Amino acid sequence: MNEVDIKAIQTLLQTPKNIVIIPHKNPDSDAIGSTLALWHYLKNKGQEAIIVAPNDYPEFLKWMPGETEIVKFDTQQEIAEKLIKDANVIFTLDFNDLSRIGEMSGIVSQSDATFIMIDHHQQPADYATHMYSDTKMSSTAEMVYNFITYLGENDAITPEMASCLYSGIMTDTGSFRFSATTSTTHRVIADLMDKGAKNAEIHNAIYDTNSPSKLQLLGCALNNMVVLEAYNTVYITLSKQELLHHDFRKGDTEGFVNYGLSLKGIKFAAIFIENLQEPYIKMSLRSKGDFSVNEFARTHFNGGGHTNAAGGRSNDSMEDTVKNFTEILNAYKNELS
Ligand code: 5GP
Ligand code: MN
């Protein structure tokens, strides 16, 4: 983040403001962890701050300190709209295009608040006054740690904030194993532990609260897995019927796609999941090495993300989506072999 932006934000926060902090739709642990940490920081500074999330998030994030204060746009629309209308500062975290907040984008894009973006995805849109965008960063949580440190406030990181930031970094780095995990990431993690983040408790709260039906759904997903050896690619499907049969809860399929990538020699893994409410298929894409699933999702499936982790959607049936996907792969044969 550049000096000019830091100075401007320091000045901005010297006086009380109405601040709204927004994570992306279907927020994950990085989105919720980073927004909560920033929220604690701003509240502790005496600011009038609130998090407005586009919609709900998985149960395994609901232990995070301050979580009960989050306003959800889809179920608390009136309150959320008033907060957004009254805001003079809006932080957008863990996304870089207003299309990522769904229905909320209408009212947010009309706001004349000062927008501050903190994000690590590629190709940021041009809506923010102050932009801290760095695609090399492991997570938005690591960037919020940096942001607070740049403001000269590292000492203001409380145990609650440390736990939230630890969670975001932990999940976005696949527990510190993805290539975006740097030695600096580990130093940040060490500092967060010194500041009170309890690593074993956090791992347990996020990863070890599975229900039997979730693990059975994983079994079903793995059973459906198809390996396309010619492309070093694997895909998994989950139909509406299969989700309902296994008592699907939000977040249950998170991480499933990574199993495909754990196969020896596989460079590209995809999961196609039928949406329960609307007739479309949500895709999660993961890769190893140089193959950019961000480009793949942007070009073919109306999505985006990072080089090695992206998402998109298809409005076709499952059968046609799989057919289309397999045909598209042909054009990438050289890259993937
Ligand atoms: P996931 O597959 O876990 O939903 O998402 C992986 C990454 O891709 C995340 O960083 C997420 O922000 C991004 N992503 C997922 N779905 C979409 C999408 O529909 N559009 C864009 N632009 N990014 C997405
Ligand atoms: Mn993230």
# chains A, B, ... in the order shown; residues from 1 in each chain; ligands from 1
>>> residues_near_ligand(ligand="ligand 1", cutoff="6 Å", atoms="only C-alpha atoms and all ligand atoms", output="PyMOL selection string")
chain A and resi 284-285+303-305+309-312
>>> write_last_selection(atoms="N, CA and C atoms", output="compact mmCIF listing (two decimals), in the first residue's frame")
# COMPACT_ATOMS: atom_id res chain seq x y z
N SER A 284 -16.13 -24.78 -8.87
CA SER A 284 -14.90 -24.41 -8.18
C SER A 284 -13.75 -25.07 -8.93
N LEU A 285 -12.74 -24.27 -9.21
CA LEU A 285 -11.63 -24.75 -10.03
C LEU A 285 -10.31 -24.56 -9.28
N GLY A 303 -16.56 -16.27 -14.52
CA GLY A 303 -16.06 -16.22 -13.15
C GLY A 303 -14.70 -15.57 -13.05
N GLY A 304 -13.91 -16.02 -12.10
CA GLY A 304 -12.58 -15.46 -11.89
C GLY A 304 -12.00 -15.94 -10.58
N GLY A 305 -10.97 -15.27 -10.12
CA GLY A 305 -10.33 -15.66 -8.86
C GLY A 305 -8.83 -15.48 -8.94
N ALA A 309 -6.77 -20.89 -7.91
CA ALA A 309 -8.08 -21.14 -7.28
C ALA A 309 -9.07 -20.13 -7.83
N ALA A 310 -10.11 -20.63 -8.48
CA ALA A 310 -11.10 -19.72 -9.05
C ALA A 310 -12.47 -20.38 -9.04
N GLY A 311 -13.46 -19.59 -9.41
CA GLY A 311 -14.81 -20.13 -9.45
C GLY A 311 -15.56 -19.54 -10.63
N GLY A 312 -16.66 -20.16 -10.97
CA GLY A 312 -17.48 -19.65 -12.05
C GLY A 312 -18.84 -20.33 -12.02
>>> select_by_dssp(residues="range 14-226 of chain A", states="helix (DSSP H, G or I)", output="PyMOL selection string")
chain A and resi 29-44+59-61+67-69+77-86+98-110+140-150+154-156+159-172+183-194+199-207+212-223
>>> residues_near_ligand(ligand="ligand 2", cutoff="6 Å", atoms="only C-alpha atoms and all ligand atoms", output="ChimeraX atom specification")
/A:30,94,139-140,172
>>> write_last_selection(atoms="C-alpha atoms", output="PDB file, in the first residue's frame")
ATOM      1  CA  ASP A  30     -10.783 -15.203   4.874  1.00  0.00           C
ATOM      2  CA  ASP A  94     -11.603 -10.086  -0.163  1.00  0.00           C
ATOM      3  CA  SER A 139      -4.982 -13.855   1.953  1.00  0.00           C
ATOM      4  CA  THR A 140      -6.915 -10.686   2.665  1.00  0.00           C
ATOM      5  CA  ASP A 172      -6.694 -19.302   2.264  1.00  0.00           C
TER       6      ASP A 172
END
>>> select_by_dssp(residues="range 137-238 of chain A", states="strand (DSSP E or B)", output="tab-separated table (two decimals) with all heavy atoms, in the first residue's frame")
chain	number	residue	atom	x	y	z
A	226	VAL	N	-14.33	-38.13	-11.81
A	226	VAL	CA	-13.92	-38.65	-13.13
A	226	VAL	C	-12.53	-38.12	-13.45
A	226	VAL	O	-12.28	-36.91	-13.36
A	226	VAL	CB	-14.91	-38.20	-14.24
A	226	VAL	CG1	-14.43	-38.64	-15.61
A	226	VAL	CG2	-16.30	-38.75	-13.95
A	227	VAL	N	-11.62	-39.01	-13.78
A	227	VAL	CA	-10.25	-38.60	-14.13
A	227	VAL	C	-10.12	-38.57	-15.64
A	227	VAL	O	-10.45	-39.55	-16.31
A	227	VAL	CB	-9.21	-39.57	-13.52
A	227	VAL	CG1	-7.79	-39.13	-13.87
A	227	VAL	CG2	-9.37	-39.67	-12.01
A	228	LEU	N	-9.69	-37.42	-16.18
A	228	LEU	CA	-9.45	-37.28	-17.62
A	228	LEU	C	-7.94	-37.30	-17.83
A	228	LEU	O	-7.29	-36.25	-17.81
A	228	LEU	CB	-10.08	-35.98	-18.14
A	228	LEU	CG	-11.58	-35.83	-17.89
A	228	LEU	CD1	-12.03	-34.40	-18.18
A	228	LEU	CD2	-12.38	-36.81	-18.74
A	233	THR	N	-6.52	-33.90	-15.70
A	233	THR	CA	-7.63	-33.16	-15.11
A	233	THR	C	-8.60	-34.12	-14.43
A	233	THR	O	-8.75	-35.26	-14.86
A	233	THR	CB	-8.36	-32.36	-16.22
A	233	THR	OG1	-7.46	-31.37	-16.73
A	233	THR	CG2	-9.63	-31.69	-15.71
A	234	VAL	N	-9.22	-33.63	-13.37
A	234	VAL	CA	-10.22	-34.44	-12.69
A	234	VAL	C	-11.43	-33.56	-12.40
A	234	VAL	O	-11.28	-32.36	-12.15
A	234	VAL	CB	-9.62	-35.05	-11.39
A	234	VAL	CG1	-9.10	-33.99	-10.46
A	234	VAL	CG2	-10.60	-35.92	-10.67
A	235	TYR	N	-12.62	-34.12	-12.54
A	235	TYR	CA	-13.79	-33.34	-12.13
A	235	TYR	C	-14.73	-34.19	-11.27
A	235	TYR	O	-14.74	-35.42	-11.35
A	235	TYR	CB	-14.52	-32.73	-13.34
A	235	TYR	CG	-15.26	-33.70	-14.22
A	235	TYR	CD1	-16.55	-34.12	-13.89
A	235	TYR	CD2	-14.69	-34.18	-15.38
A	235	TYR	CE1	-17.23	-35.01	-14.71
A	235	TYR	CE2	-15.36	-35.08	-16.20
A	235	TYR	CZ	-16.64	-35.49	-15.85
A	235	TYR	OH	-17.31	-36.37	-16.64
A	236	ILE	N	-15.47	-33.47	-10.45
A	236	ILE	CA	-16.43	-34.10	-9.53
A	236	ILE	C	-17.78	-33.43	-9.78
A	236	ILE	O	-17.83	-32.22	-10.02
A	236	ILE	CB	-15.99	-33.86	-8.06
A	236	ILE	CG1	-14.70	-34.63	-7.74
A	236	ILE	CG2	-17.09	-34.24	-7.07
A	236	ILE	CD1	-14.09	-34.29	-6.38
A	237	THR	N	-18.86	-34.19	-9.71
A	237	THR	CA	-20.19	-33.57	-9.82
A	237	THR	C	-20.98	-33.85	-8.55
A	237	THR	O	-20.78	-34.87	-7.89
A	237	THR	CB	-20.98	-34.18	-11.00
A	237	THR	OG1	-21.08	-35.59	-10.80
A	237	THR	CG2	-20.31	-33.90	-12.33
A	238	LEU	N	-21.84	-32.91	-8.20
A	238	LEU	CA	-22.80	-33.14	-7.12
A	238	LEU	C	-24.15	-32.59	-7.56
A	238	LEU	O	-24.28	-31.37	-7.82
A	238	LEU	CB	-22.36	-32.48	-5.81
A	238	LEU	CG	-21.35	-33.25	-4.94
A	238	LEU	CD1	-20.93	-32.41	-3.75
A	238	LEU	CD2	-21.90	-34.60	-4.46
>>> closest_residue(among="A:Ile101, A:Met318, A:Met170, A:Ala37", to="Phe147 in chain A", atoms="only C-alpha atoms")
A:Ala37
>>> closest_residue(among="A:Ala269, A:Leu215, A:Ile19, A:Leu61", to="Ile32 in chain A", atoms="only C-alpha atoms")
A:Leu61
>>> residues_around(residues="range 180-187 of chain A", least_positions_apart="3", cutoff="8 Å", atoms="only C-alpha atoms", output="PyMOL selection string")
chain A and resi 136-138+142+173+176-177+190-191
